[in-house]
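So this one's entry.cif, mmCIF, C-alpha atoms and all ligand atoms:
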```cif
data_upload
loop_
_atom_site.group_PDB
_atom_site.id
_atom_site.type_symbol
_atom_site.label_atom_id
_atom_site.label_comp_id
_atom_site.auth_asym_id
_atom_site.auth_seq_id
_atom_site.Cartn_x
_atom_site.Cartn_y
_atom_site.Cartn_z
ATOM 1 C CA MET A 1 26.434 57.885 -23.233
ATOM 2 C CA ASN A 2 25.359 60.943 -25.235
ATOM 3 C CA LYS A 3 27.339 63.081 -27.705
ATOM 4 C CA LYS A 4 28.300 65.547 -24.977
ATOM 5 C CA ASN A 5 30.353 62.890 -23.113
ATOM 6 C CA ASN A 6 32.978 62.954 -25.866
ATOM 7 C CA ALA A 7 33.143 66.738 -25.826
ATOM 8 C CA PRO A 8 36.337 68.270 -24.426
ATOM 9 C CA ILE A 9 36.862 69.892 -21.043
ATOM 10 C CA GLY A 10 38.006 73.539 -21.339
ATOM 11 C CA ILE A 11 40.806 74.659 -19.022
ATOM 12 C CA PHE A 12 42.299 78.135 -18.937
ATOM 13 C CA ASP A 13 44.804 80.354 -17.147
ATOM 14 C CA SER A 14 46.682 83.579 -17.828
ATOM 15 C CA GLY A 15 49.644 81.542 -19.066
ATOM 16 C CA PHE A 16 51.338 78.263 -18.222
ATOM 17 C CA GLY A 17 50.097 77.888 -14.626
ATOM 18 C CA GLY A 18 46.876 76.064 -15.458
ATOM 19 C CA LEU A 19 48.907 73.289 -17.072
ATOM 20 C CA THR A 20 49.652 72.046 -13.533
ATOM 21 C CA VAL A 21 45.894 71.561 -13.112
ATOM 22 C CA MET A 22 45.541 70.057 -16.596
ATOM 23 C CA SER A 23 48.301 67.593 -15.765
ATOM 24 C CA ALA A 24 46.408 66.425 -12.642
ATOM 25 C CA VAL A 25 43.155 66.152 -14.654
ATOM 26 C CA THR A 26 44.822 64.001 -17.348
ATOM 27 C CA LYS A 27 46.319 61.693 -14.709
ATOM 28 C CA LEU A 28 42.950 61.145 -13.030
ATOM 29 C CA MET A 29 40.883 61.001 -16.246
ATOM 30 C CA PRO A 30 43.117 59.964 -19.164
ATOM 31 C CA LYS A 31 40.128 59.472 -21.513
ATOM 32 C CA GLU A 32 39.019 63.096 -21.362
ATOM 33 C CA ASN A 33 39.680 65.381 -24.336
ATOM 34 C CA ILE A 34 40.917 68.804 -23.271
ATOM 35 C CA ILE A 35 41.227 72.255 -24.816
ATOM 36 C CA TYR A 36 43.703 74.462 -22.951
ATOM 37 C CA PHE A 37 43.833 78.242 -23.321
ATOM 38 C CA GLY A 38 46.759 80.308 -21.983
ATOM 39 C CA ASP A 39 46.109 84.051 -22.149
ATOM 40 C CA THR A 40 49.806 84.775 -22.707
ATOM 41 C CA ALA A 41 49.132 88.191 -24.250
ATOM 42 C CA HIS A 42 47.683 89.385 -20.941
ATOM 43 C CA VAL A 43 49.760 87.555 -18.306
ATOM 44 C CA PRO A 44 50.050 88.414 -15.415
ATOM 45 C CA TYR A 45 46.445 88.647 -14.260
ATOM 46 C CA GLY A 46 47.553 89.030 -10.642
ATOM 47 C CA SER A 47 48.337 92.737 -10.845
ATOM 48 C CA LYS A 48 45.284 93.657 -12.967
ATOM 49 C CA SER A 49 41.876 94.855 -11.797
ATOM 50 C CA LYS A 50 38.825 92.658 -11.336
ATOM 51 C CA ASP A 51 37.004 94.240 -14.314
ATOM 52 C CA VAL A 52 39.909 93.728 -16.703
ATOM 53 C CA VAL A 53 40.443 90.093 -15.664
ATOM 54 C CA THR A 54 36.690 89.370 -15.844
ATOM 55 C CA ASN A 55 36.535 90.826 -19.355
ATOM 56 C CA PHE A 56 39.382 88.538 -20.560
ATOM 57 C CA THR A 57 37.988 85.452 -18.848
ATOM 58 C CA LEU A 58 34.497 85.975 -20.283
ATOM 59 C CA LYS A 59 35.959 86.111 -23.789
ATOM 60 C CA ILE A 60 38.072 82.995 -23.214
ATOM 61 C CA SER A 61 35.075 81.128 -21.799
ATOM 62 C CA LYS A 62 32.958 82.098 -24.830
ATOM 63 C CA PHE A 63 35.728 80.857 -27.127
ATOM 64 C CA LEU A 64 35.792 77.540 -25.248
ATOM 65 C CA VAL A 65 32.002 77.233 -25.404
ATOM 66 C CA GLN A 66 32.136 77.869 -29.193
ATOM 67 C CA ASN A 67 34.511 74.923 -29.307
ATOM 68 C CA ASN A 68 31.856 72.769 -27.656
ATOM 69 C CA VAL A 69 33.483 72.163 -24.284
ATOM 70 C CA LYS A 70 31.233 70.382 -21.778
ATOM 71 C CA LEU A 71 32.738 71.968 -18.651
ATOM 72 C CA ILE A 72 35.174 74.792 -17.901
ATOM 73 C CA VAL A 73 37.923 74.741 -15.270
ATOM 74 C CA VAL A 74 39.153 78.205 -14.308
ATOM 75 C CA ALA A 75 42.695 76.971 -13.563
ATOM 76 C CA CYS A 76 43.783 80.340 -12.248
ATOM 77 C CA ASN A 77 43.333 81.530 -8.679
ATOM 78 C CA THR A 78 43.184 85.208 -9.632
ATOM 79 C CA ALA A 79 40.450 84.591 -12.196
ATOM 80 C CA SER A 80 38.621 82.254 -9.783
ATOM 81 C CA ALA A 81 38.728 84.934 -7.062
ATOM 82 C CA PHE A 82 37.703 87.798 -9.351
ATOM 83 C CA SER A 83 35.483 86.337 -12.026
ATOM 84 C CA LEU A 84 33.941 82.971 -11.113
ATOM 85 C CA SER A 85 30.547 84.387 -10.148
ATOM 86 C CA ALA A 86 30.356 86.546 -13.316
ATOM 87 C CA LEU A 87 31.333 83.530 -15.432
ATOM 88 C CA LYS A 88 28.718 81.327 -13.751
ATOM 89 C CA LYS A 89 26.054 83.946 -14.537
ATOM 90 C CA ASN A 90 27.034 84.217 -18.204
ATOM 91 C CA ILE A 91 28.160 80.736 -19.212
ATOM 92 C CA LYS A 92 25.524 78.060 -19.377
ATOM 93 C CA ILE A 93 27.682 74.981 -18.784
ATOM 94 C CA PRO A 94 29.224 73.681 -15.521
ATOM 95 C CA ILE A 95 32.196 75.809 -14.488
ATOM 96 C CA ILE A 96 34.530 75.454 -11.521
ATOM 97 C CA GLY A 97 37.387 77.418 -9.988
ATOM 98 C CA VAL A 98 40.372 76.328 -7.916
ATOM 99 C CA ILE A 99 39.895 78.100 -4.579
ATOM 100 C CA LYS A 100 37.353 75.808 -2.878
ATOM 101 C CA ALA A 101 39.446 72.665 -3.397
ATOM 102 C CA GLY A 102 42.636 74.224 -1.980
ATOM 103 C CA SER A 103 40.758 75.659 1.005
ATOM 104 C CA LYS A 104 39.097 72.326 1.859
ATOM 105 C CA THR A 105 42.417 70.456 1.648
ATOM 106 C CA ALA A 106 44.136 73.002 3.919
ATOM 107 C CA VAL A 107 41.351 72.817 6.520
ATOM 108 C CA LEU A 108 41.657 69.029 6.569
ATOM 109 C CA ASN A 109 45.425 69.261 6.988
ATOM 110 C CA THR A 110 45.966 71.932 9.649
ATOM 111 C CA LYS A 111 46.408 70.764 13.233
ATOM 112 C CA ASN A 112 47.238 74.092 14.878
ATOM 113 C CA ASN A 113 44.560 76.052 12.943
ATOM 114 C CA LYS A 114 47.126 78.400 11.412
ATOM 115 C CA VAL A 115 47.137 78.451 7.628
ATOM 116 C CA ALA A 116 49.134 80.604 5.223
ATOM 117 C CA VAL A 117 48.058 81.472 1.693
ATOM 118 C CA ILE A 118 50.421 82.808 -0.921
ATOM 119 C CA GLY A 119 49.165 84.103 -4.244
ATOM 120 C CA THR A 120 49.027 87.048 -6.596
ATOM 121 C CA GLU A 121 48.142 90.532 -5.390
ATOM 122 C CA GLY A 122 44.644 90.111 -6.830
ATOM 123 C CA THR A 123 43.981 86.790 -5.092
ATOM 124 C CA VAL A 124 45.302 88.032 -1.745
ATOM 125 C CA LYS A 125 43.385 91.328 -1.889
ATOM 126 C CA SER A 126 40.151 89.516 -2.779
ATOM 127 C CA ASN A 127 40.293 87.551 0.532
ATOM 128 C CA ALA A 128 38.777 84.640 -1.389
ATOM 129 C CA TYR A 129 40.811 81.997 0.492
ATOM 130 C CA THR A 130 40.210 83.540 3.924
ATOM 131 C CA ASN A 131 36.467 83.682 3.255
ATOM 132 C CA GLU A 132 36.316 80.120 1.946
ATOM 133 C CA ILE A 133 38.376 78.724 4.860
ATOM 134 C CA LYS A 134 36.341 80.646 7.467
ATOM 135 C CA LYS A 135 33.131 79.254 5.906
ATOM 136 C CA ILE A 136 34.394 75.762 6.795
ATOM 137 C CA ASN A 137 36.011 76.571 10.164
ATOM 138 C CA LYS A 138 35.869 80.092 11.562
ATOM 139 C CA ASN A 139 38.510 79.312 14.208
ATOM 140 C CA ILE A 140 41.278 78.954 11.646
ATOM 141 C CA LYS A 141 43.659 81.904 11.437
ATOM 142 C CA VAL A 142 44.627 82.719 7.866
ATOM 143 C CA PHE A 143 47.777 84.676 7.021
ATOM 144 C CA SER A 144 48.098 85.851 3.419
ATOM 145 C CA GLN A 145 51.088 87.047 1.467
ATOM 146 C CA ALA A 146 51.182 88.338 -2.105
ATOM 147 C CA CYS A 147 54.265 87.173 -4.011
ATOM 148 C CA PRO A 148 54.115 89.169 -7.285
ATOM 149 C CA LEU A 149 57.599 88.221 -8.471
ATOM 150 C CA PHE A 150 56.909 84.466 -8.391
ATOM 151 C CA VAL A 151 54.871 84.422 -11.630
ATOM 152 C CA PRO A 152 57.551 86.113 -13.809
ATOM 153 C CA LEU A 153 60.252 83.874 -12.285
ATOM 154 C CA VAL A 154 58.205 80.789 -13.131
ATOM 155 C CA GLU A 155 57.261 82.071 -16.616
ATOM 156 C CA GLU A 156 61.020 82.481 -17.264
ATOM 157 C CA GLY A 157 61.614 78.883 -16.144
ATOM 158 C CA TRP A 158 63.762 79.892 -13.145
ATOM 159 C CA PHE A 159 62.557 77.060 -10.944
ATOM 160 C CA ASN A 160 65.838 76.430 -9.108
ATOM 161 C CA SER A 161 67.961 79.515 -8.988
ATOM 162 C CA PRO A 162 69.638 81.444 -6.164
ATOM 163 C CA ILE A 163 67.592 84.483 -7.196
ATOM 164 C CA THR A 164 64.367 82.513 -6.814
ATOM 165 C CA ASP A 165 65.583 81.339 -3.366
ATOM 166 C CA ASP A 166 66.218 84.929 -2.296
ATOM 167 C CA VAL A 167 62.798 86.073 -3.489
ATOM 168 C CA ILE A 168 61.117 83.161 -1.670
ATOM 169 C CA LYS A 169 62.969 84.003 1.562
ATOM 170 C CA PHE A 170 62.014 87.668 1.260
ATOM 171 C CA TYR A 171 58.292 87.013 0.760
ATOM 172 C CA LEU A 172 57.875 84.144 3.210
ATOM 173 C CA LYS A 173 59.765 85.329 6.281
ATOM 174 C CA ASN A 174 56.683 86.871 7.952
ATOM 175 C CA ILE A 175 54.592 83.795 7.331
ATOM 176 C CA ILE A 176 57.193 81.480 8.870
ATOM 177 C CA ASN A 177 57.227 83.721 11.968
ATOM 178 C CA LYS A 178 53.469 83.142 12.395
ATOM 179 C CA LYS A 179 54.145 79.432 13.047
ATOM 180 C CA VAL A 180 51.672 78.168 10.443
ATOM 181 C CA ASP A 181 51.640 74.399 9.837
ATOM 182 C CA THR A 182 50.003 74.586 6.374
ATOM 183 C CA LEU A 183 50.792 76.712 3.332
ATOM 184 C CA ILE A 184 48.437 76.924 0.354
ATOM 185 C CA LEU A 185 49.991 77.571 -3.053
ATOM 186 C CA GLY A 186 47.230 79.978 -4.081
ATOM 187 C CA CYS A 187 48.481 80.376 -7.638
ATOM 188 C CA THR A 188 48.655 77.645 -10.250
ATOM 189 C CA HIS A 189 52.147 78.800 -11.284
ATOM 190 C CA TYR A 190 53.657 78.076 -7.870
ATOM 191 C CA PRO A 191 53.794 74.232 -7.950
ATOM 192 C CA LEU A 192 56.760 74.644 -10.292
ATOM 193 C CA ILE A 193 58.777 76.204 -7.448
ATOM 194 C CA LYS A 194 57.275 73.987 -4.739
ATOM 195 C CA LYS A 195 60.608 72.252 -4.054
ATOM 196 C CA SER A 196 62.411 75.578 -3.630
ATOM 197 C CA ILE A 197 59.625 76.876 -1.377
ATOM 198 C CA GLN A 198 59.756 73.730 0.783
ATOM 199 C CA LYS A 199 63.541 74.002 1.037
ATOM 200 C CA ASN A 200 63.227 77.571 2.279
ATOM 201 C CA ILE A 201 60.366 77.121 4.765
ATOM 202 C CA GLY A 202 61.486 73.763 6.183
ATOM 203 C CA ASN A 203 59.766 70.389 6.267
ATOM 204 C CA LYS A 204 57.430 71.072 9.185
ATOM 205 C CA ILE A 205 55.072 73.153 7.044
ATOM 206 C CA LYS A 206 52.850 71.117 4.712
ATOM 207 C CA ILE A 207 52.459 72.666 1.280
ATOM 208 C CA ILE A 208 49.027 72.343 -0.340
ATOM 209 C CA ASP A 209 49.005 72.295 -4.122
ATOM 210 C CA SER A 210 45.334 72.114 -5.037
ATOM 211 C CA ALA A 211 45.745 70.655 -8.567
ATOM 212 C CA THR A 212 44.900 67.072 -7.537
ATOM 213 C CA ALA A 213 41.977 68.180 -5.360
ATOM 214 C CA VAL A 214 40.655 70.242 -8.297
ATOM 215 C CA ALA A 215 40.934 67.194 -10.588
ATOM 216 C CA TYR A 216 38.763 65.176 -8.167
ATOM 217 C CA GLU A 217 36.189 68.011 -8.100
ATOM 218 C CA VAL A 218 36.122 68.008 -11.911
ATOM 219 C CA LYS A 219 35.523 64.247 -11.909
ATOM 220 C CA ASP A 220 32.680 64.557 -9.360
ATOM 221 C CA LEU A 221 31.051 67.301 -11.397
ATOM 222 C CA LEU A 222 31.293 65.259 -14.607
ATOM 223 C CA ILE A 223 29.750 62.240 -12.861
ATOM 224 C CA LYS A 224 26.966 64.387 -11.362
ATOM 225 C CA ASN A 225 26.137 65.792 -14.809
ATOM 226 C CA ASN A 226 26.463 62.397 -16.515
ATOM 227 C CA LEU A 227 29.274 63.800 -18.678
ATOM 228 C CA LEU A 228 32.208 61.462 -18.019
ATOM 229 C CA ASN A 229 33.949 60.258 -21.185
ATOM 230 C CA ASN A 230 33.854 56.459 -21.176
ATOM 231 C CA THR A 231 35.442 55.765 -24.558
ATOM 232 C CA LYS A 232 38.346 53.306 -24.830
ATOM 233 C CA SER A 233 40.870 55.632 -26.443
ATOM 234 C CA ASN A 234 43.019 58.174 -24.641
ATOM 235 C CA GLY A 235 42.022 61.829 -24.730
ATOM 236 C CA LYS A 236 43.282 64.352 -27.283
ATOM 237 C CA TYR A 237 44.645 67.727 -26.239
ATOM 238 C CA SER A 238 44.596 71.079 -28.056
ATOM 239 C CA PHE A 239 46.470 74.154 -26.892
ATOM 240 C CA TYR A 240 45.704 77.790 -27.675
ATOM 241 C CA VAL A 241 47.513 80.944 -26.595
ATOM 242 C CA SER A 242 46.797 84.616 -27.217
ATOM 243 C CA ASP A 243 50.458 85.515 -27.973
ATOM 244 C CA SER A 244 53.325 83.749 -29.744
ATOM 245 C CA PRO A 245 53.074 79.934 -29.458
ATOM 246 C CA ASP A 246 56.845 79.219 -29.503
ATOM 247 C CA LYS A 247 57.699 79.960 -25.874
ATOM 248 C CA PHE A 248 54.591 78.113 -24.783
ATOM 249 C CA LYS A 249 55.835 74.911 -26.409
ATOM 250 C CA THR A 250 59.176 74.880 -24.568
ATOM 251 C CA ILE A 251 58.230 76.134 -21.103
ATOM 252 C CA GLY A 252 54.711 74.677 -21.264
ATOM 253 C CA SER A 253 56.156 71.195 -21.745
ATOM 254 C CA LYS A 254 57.929 71.524 -18.366
ATOM 255 C CA PHE A 255 54.683 72.500 -16.649
ATOM 256 C CA PHE A 256 52.747 69.737 -18.349
ATOM 257 C CA CYS A 257 55.546 67.156 -17.876
ATOM 258 C CA LYS A 258 54.940 66.025 -21.475
ATOM 259 C CA GLU A 259 55.994 67.482 -24.798
ATOM 260 C CA ILE A 260 53.550 70.001 -26.225
ATOM 261 C CA LYS A 261 53.963 69.802 -30.008
ATOM 262 C CA THR A 262 51.242 72.000 -31.461
ATOM 263 C CA VAL A 263 50.051 75.318 -30.105
ATOM 264 C CA LYS A 264 47.688 77.620 -32.013
ATOM 265 C CA LYS A 265 47.387 81.354 -31.647
ATOM 266 C CA MET A 266 43.952 82.830 -30.930
ATOM 267 C CA GLU A 267 43.701 86.531 -30.170
ATOM 268 C CA ILE A 268 41.165 87.697 -27.625
ATOM 269 C CA ASN A 269 40.671 91.433 -27.288
HETATM 270 N N1 LIG B 301 48.262 81.296 -12.416
HETATM 271 C C1 LIG B 301 47.463 82.363 -11.990
HETATM 272 C C2 LIG B 301 46.868 82.180 -10.628
HETATM 273 O O1 LIG B 301 46.642 81.049 -10.245
HETATM 274 C C3 LIG B 301 47.778 83.759 -12.316
HETATM 275 C C4 LIG B 301 49.114 84.279 -12.411
HETATM 276 C C5 LIG B 301 49.046 85.665 -13.002
HETATM 277 O O2 LIG B 301 48.713 85.753 -14.172
HETATM 278 O O3 LIG B 301 49.316 86.638 -12.281
HETATM 279 O O4 LIG B 301 46.563 83.129 -9.949
#
```
Full structure transcribed into structure tokens:
Amino acid sequence: MNKKNNAPIGIFDSGFGGLTVMSAVTKLMPKENIIYFGDTAHVPYGSKSKDVVTNFTLKISKFLVQNNVKLIVVACNTASAFSLSALKKNIKIPIIGVIKAGSKTAVLNTKNNKVAVIGTEGTVKSNAYTNEIKKINKNIKVFSQACPLFVPLVEEGWFNSPITDDVIKFYLKNIINKKVDTLILGCTHYPLIKKSIQKNIGNKIKIIDSATAVAYEVKDLLIKNNLLNNTKSNGKYSFYVSDSPDKFKTIGSKFFCKEIKTVKKMEIN
């Protein structure tokens, strides 16, 4: 084992959403140290342009590299769709996004070859999921729907509210009419309203939350690069945000399913 094995994994998102991915990573690899960055000053990414999002994500990735991370997980679908190739060109450590894992899982699950993807405007417009799914099986029909109000509802902690139900019904009615059997949560914020989504679309449609699949991809990549942390002690976690840390502690703890005690502010401009 070399010094790099003990180095942390860097995980980032526009806000809380990536904590759903971090949670899956910690369950699969409890020994790994992790630095999480939530770009709370610039959330939501989903309605911003590719150039703007890429600029933020490059700065966050450089910050993580300065903090000696051994691998970066872009735990945001919008940033994965818009910026992954630019990040791979500029950052000289292994870096992975979340779109491949979700696409693969959906392809394995669908029986009628009709898959729905819901995500931010940016993710849907990029066609990243459709392209990735068609690369694996071109016979699969992909129906996409942007759900821009989901992120603010989740960021406010409105996981189970009649208003959230109404918004879900409004966005998903067309997709249900297409008779899909698989629905990809193409935004890392959405697992927090998974139960409400399932309630509103019925039990026949399987919901794919890619967090666990992403965690397995991270593990494979660490093994391939001989970077797995094999120490005996459990990993340590640090949290950074680009706006006030207070809200992140309370709502972030719900996303992470564990109390987040310390959050530091780090501006990126
Ligand atoms: N959680 C992010 C995603 O997976 C982005 C939400 C946003 O900032 O719009 O797309």
Give as an mmCIF file with C-alpha atoms, in the coordinates of the input the residues that the PyMOL selection byres (((chain A and resi 9-19) around 8) and not hetatm) matches when applied to the coordinates above.
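File produced: expr.cif:
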```cif
data_model
loop_
_atom_site.group_PDB
_atom_site.id
_atom_site.type_symbol
_atom_site.label_atom_id
_atom_site.label_comp_id
_atom_site.auth_asym_id
_atom_site.auth_seq_id
_atom_site.Cartn_x
_atom_site.Cartn_y
_atom_site.Cartn_z
ATOM 1 C CA ALA A 7 33.143 66.738 -25.826
ATOM 2 C CA PRO A 8 36.337 68.270 -24.426
ATOM 3 C CA THR A 20 49.652 72.046 -13.533
ATOM 4 C CA VAL A 21 45.894 71.561 -13.112
ATOM 5 C CA MET A 22 45.541 70.057 -16.596
ATOM 6 C CA SER A 23 48.301 67.593 -15.765
ATOM 7 C CA GLU A 32 39.019 63.096 -21.362
ATOM 8 C CA ASN A 33 39.680 65.381 -24.336
ATOM 9 C CA ILE A 34 40.917 68.804 -23.271
ATOM 10 C CA ILE A 35 41.227 72.255 -24.816
ATOM 11 C CA TYR A 36 43.703 74.462 -22.951
ATOM 12 C CA PHE A 37 43.833 78.242 -23.321
ATOM 13 C CA GLY A 38 46.759 80.308 -21.983
ATOM 14 C CA ASP A 39 46.109 84.051 -22.149
ATOM 15 C CA THR A 40 49.806 84.775 -22.707
ATOM 16 C CA HIS A 42 47.683 89.385 -20.941
ATOM 17 C CA VAL A 43 49.760 87.555 -18.306
ATOM 18 C CA PRO A 44 50.050 88.414 -15.415
ATOM 19 C CA TYR A 45 46.445 88.647 -14.260
ATOM 20 C CA ILE A 60 38.072 82.995 -23.214
ATOM 21 C CA LEU A 64 35.792 77.540 -25.248
ATOM 22 C CA VAL A 69 33.483 72.163 -24.284
ATOM 23 C CA LYS A 70 31.233 70.382 -21.778
ATOM 24 C CA LEU A 71 32.738 71.968 -18.651
ATOM 25 C CA ILE A 72 35.174 74.792 -17.901
ATOM 26 C CA VAL A 73 37.923 74.741 -15.270
ATOM 27 C CA VAL A 74 39.153 78.205 -14.308
ATOM 28 C CA ALA A 75 42.695 76.971 -13.563
ATOM 29 C CA CYS A 76 43.783 80.340 -12.248
ATOM 30 C CA ALA A 79 40.450 84.591 -12.196
ATOM 31 C CA GLU A 155 57.261 82.071 -16.616
ATOM 32 C CA CYS A 187 48.481 80.376 -7.638
ATOM 33 C CA THR A 188 48.655 77.645 -10.250
ATOM 34 C CA HIS A 189 52.147 78.800 -11.284
ATOM 35 C CA TYR A 190 53.657 78.076 -7.870
ATOM 36 C CA VAL A 241 47.513 80.944 -26.595
ATOM 37 C CA PHE A 248 54.591 78.113 -24.783
ATOM 38 C CA ILE A 251 58.230 76.134 -21.103
ATOM 39 C CA GLY A 252 54.711 74.677 -21.264
ATOM 40 C CA PHE A 255 54.683 72.500 -16.649
ATOM 41 C CA PHE A 256 52.747 69.737 -18.349
#
```
For Lys114 (chain A): contacts at 12 Å, all atoms listed in the file, fewer than 6 positions along chain excluded, given as a ChimeraX atom specification: /A:106-108,130,133-134,137-144,175-184,205-206
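Shortest atom-to-atom contact with ligand LIG 301 (chain B) among A:Val65, A:Val151, A:Ile168, A:Ala146: A:Val151, counting only C-alpha atoms and all ligand atoms.
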Within 12 Å of Asp220 (chain A) using all atoms listed in the file, minus same-chain residues under 5 positions, as a PyMOL selection string: chain A and resi 25+28-29+71+94+96+213-215+225-228
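Picture a line from CA of Ser80 (chain A) to CA of Ile99 (chain A); it runs 6.8 Å.
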Any idea what's packed within 8 Å of Ile91 (chain A), counting only C-alpha atoms, ignoring anything in its chain fewer than 3 positions away? Could you give it as an mmCIF file with C-alpha atoms, in the frame of the given file?
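So out-v7.cif came out as:
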```
data_model
loop_
_atom_site.group_PDB
_atom_site.id
_atom_site.type_symbol
_atom_site.label_atom_id
_atom_site.label_comp_id
_atom_site.auth_asym_id
_atom_site.auth_seq_id
_atom_site.Cartn_x
_atom_site.Cartn_y
_atom_site.Cartn_z
ATOM 1 C CA SER A 61 35.075 81.128 -21.799
ATOM 2 C CA LYS A 62 32.958 82.098 -24.830
ATOM 3 C CA LEU A 87 31.333 83.530 -15.432
ATOM 4 C CA LYS A 88 28.718 81.327 -13.751
ATOM 5 C CA ILE A 95 32.196 75.809 -14.488
#
```
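Atom pair CA of Pro152 (chain A) / CA of Ala116 (chain A): separated by 21.5 Å.
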Which centre and which edge lengths, in Å to one decimal, describe the axis-aligned box that holds all listed atoms of ligand LIG 301 (chain B) after 8 Å is added on each side, as AutoDock Vina command-line options?
```
--center_x 47.9 --center_y 83.8 --center_z -12.1 --size_x 18.8 --size_y 21.6 --size_z 20.2
```
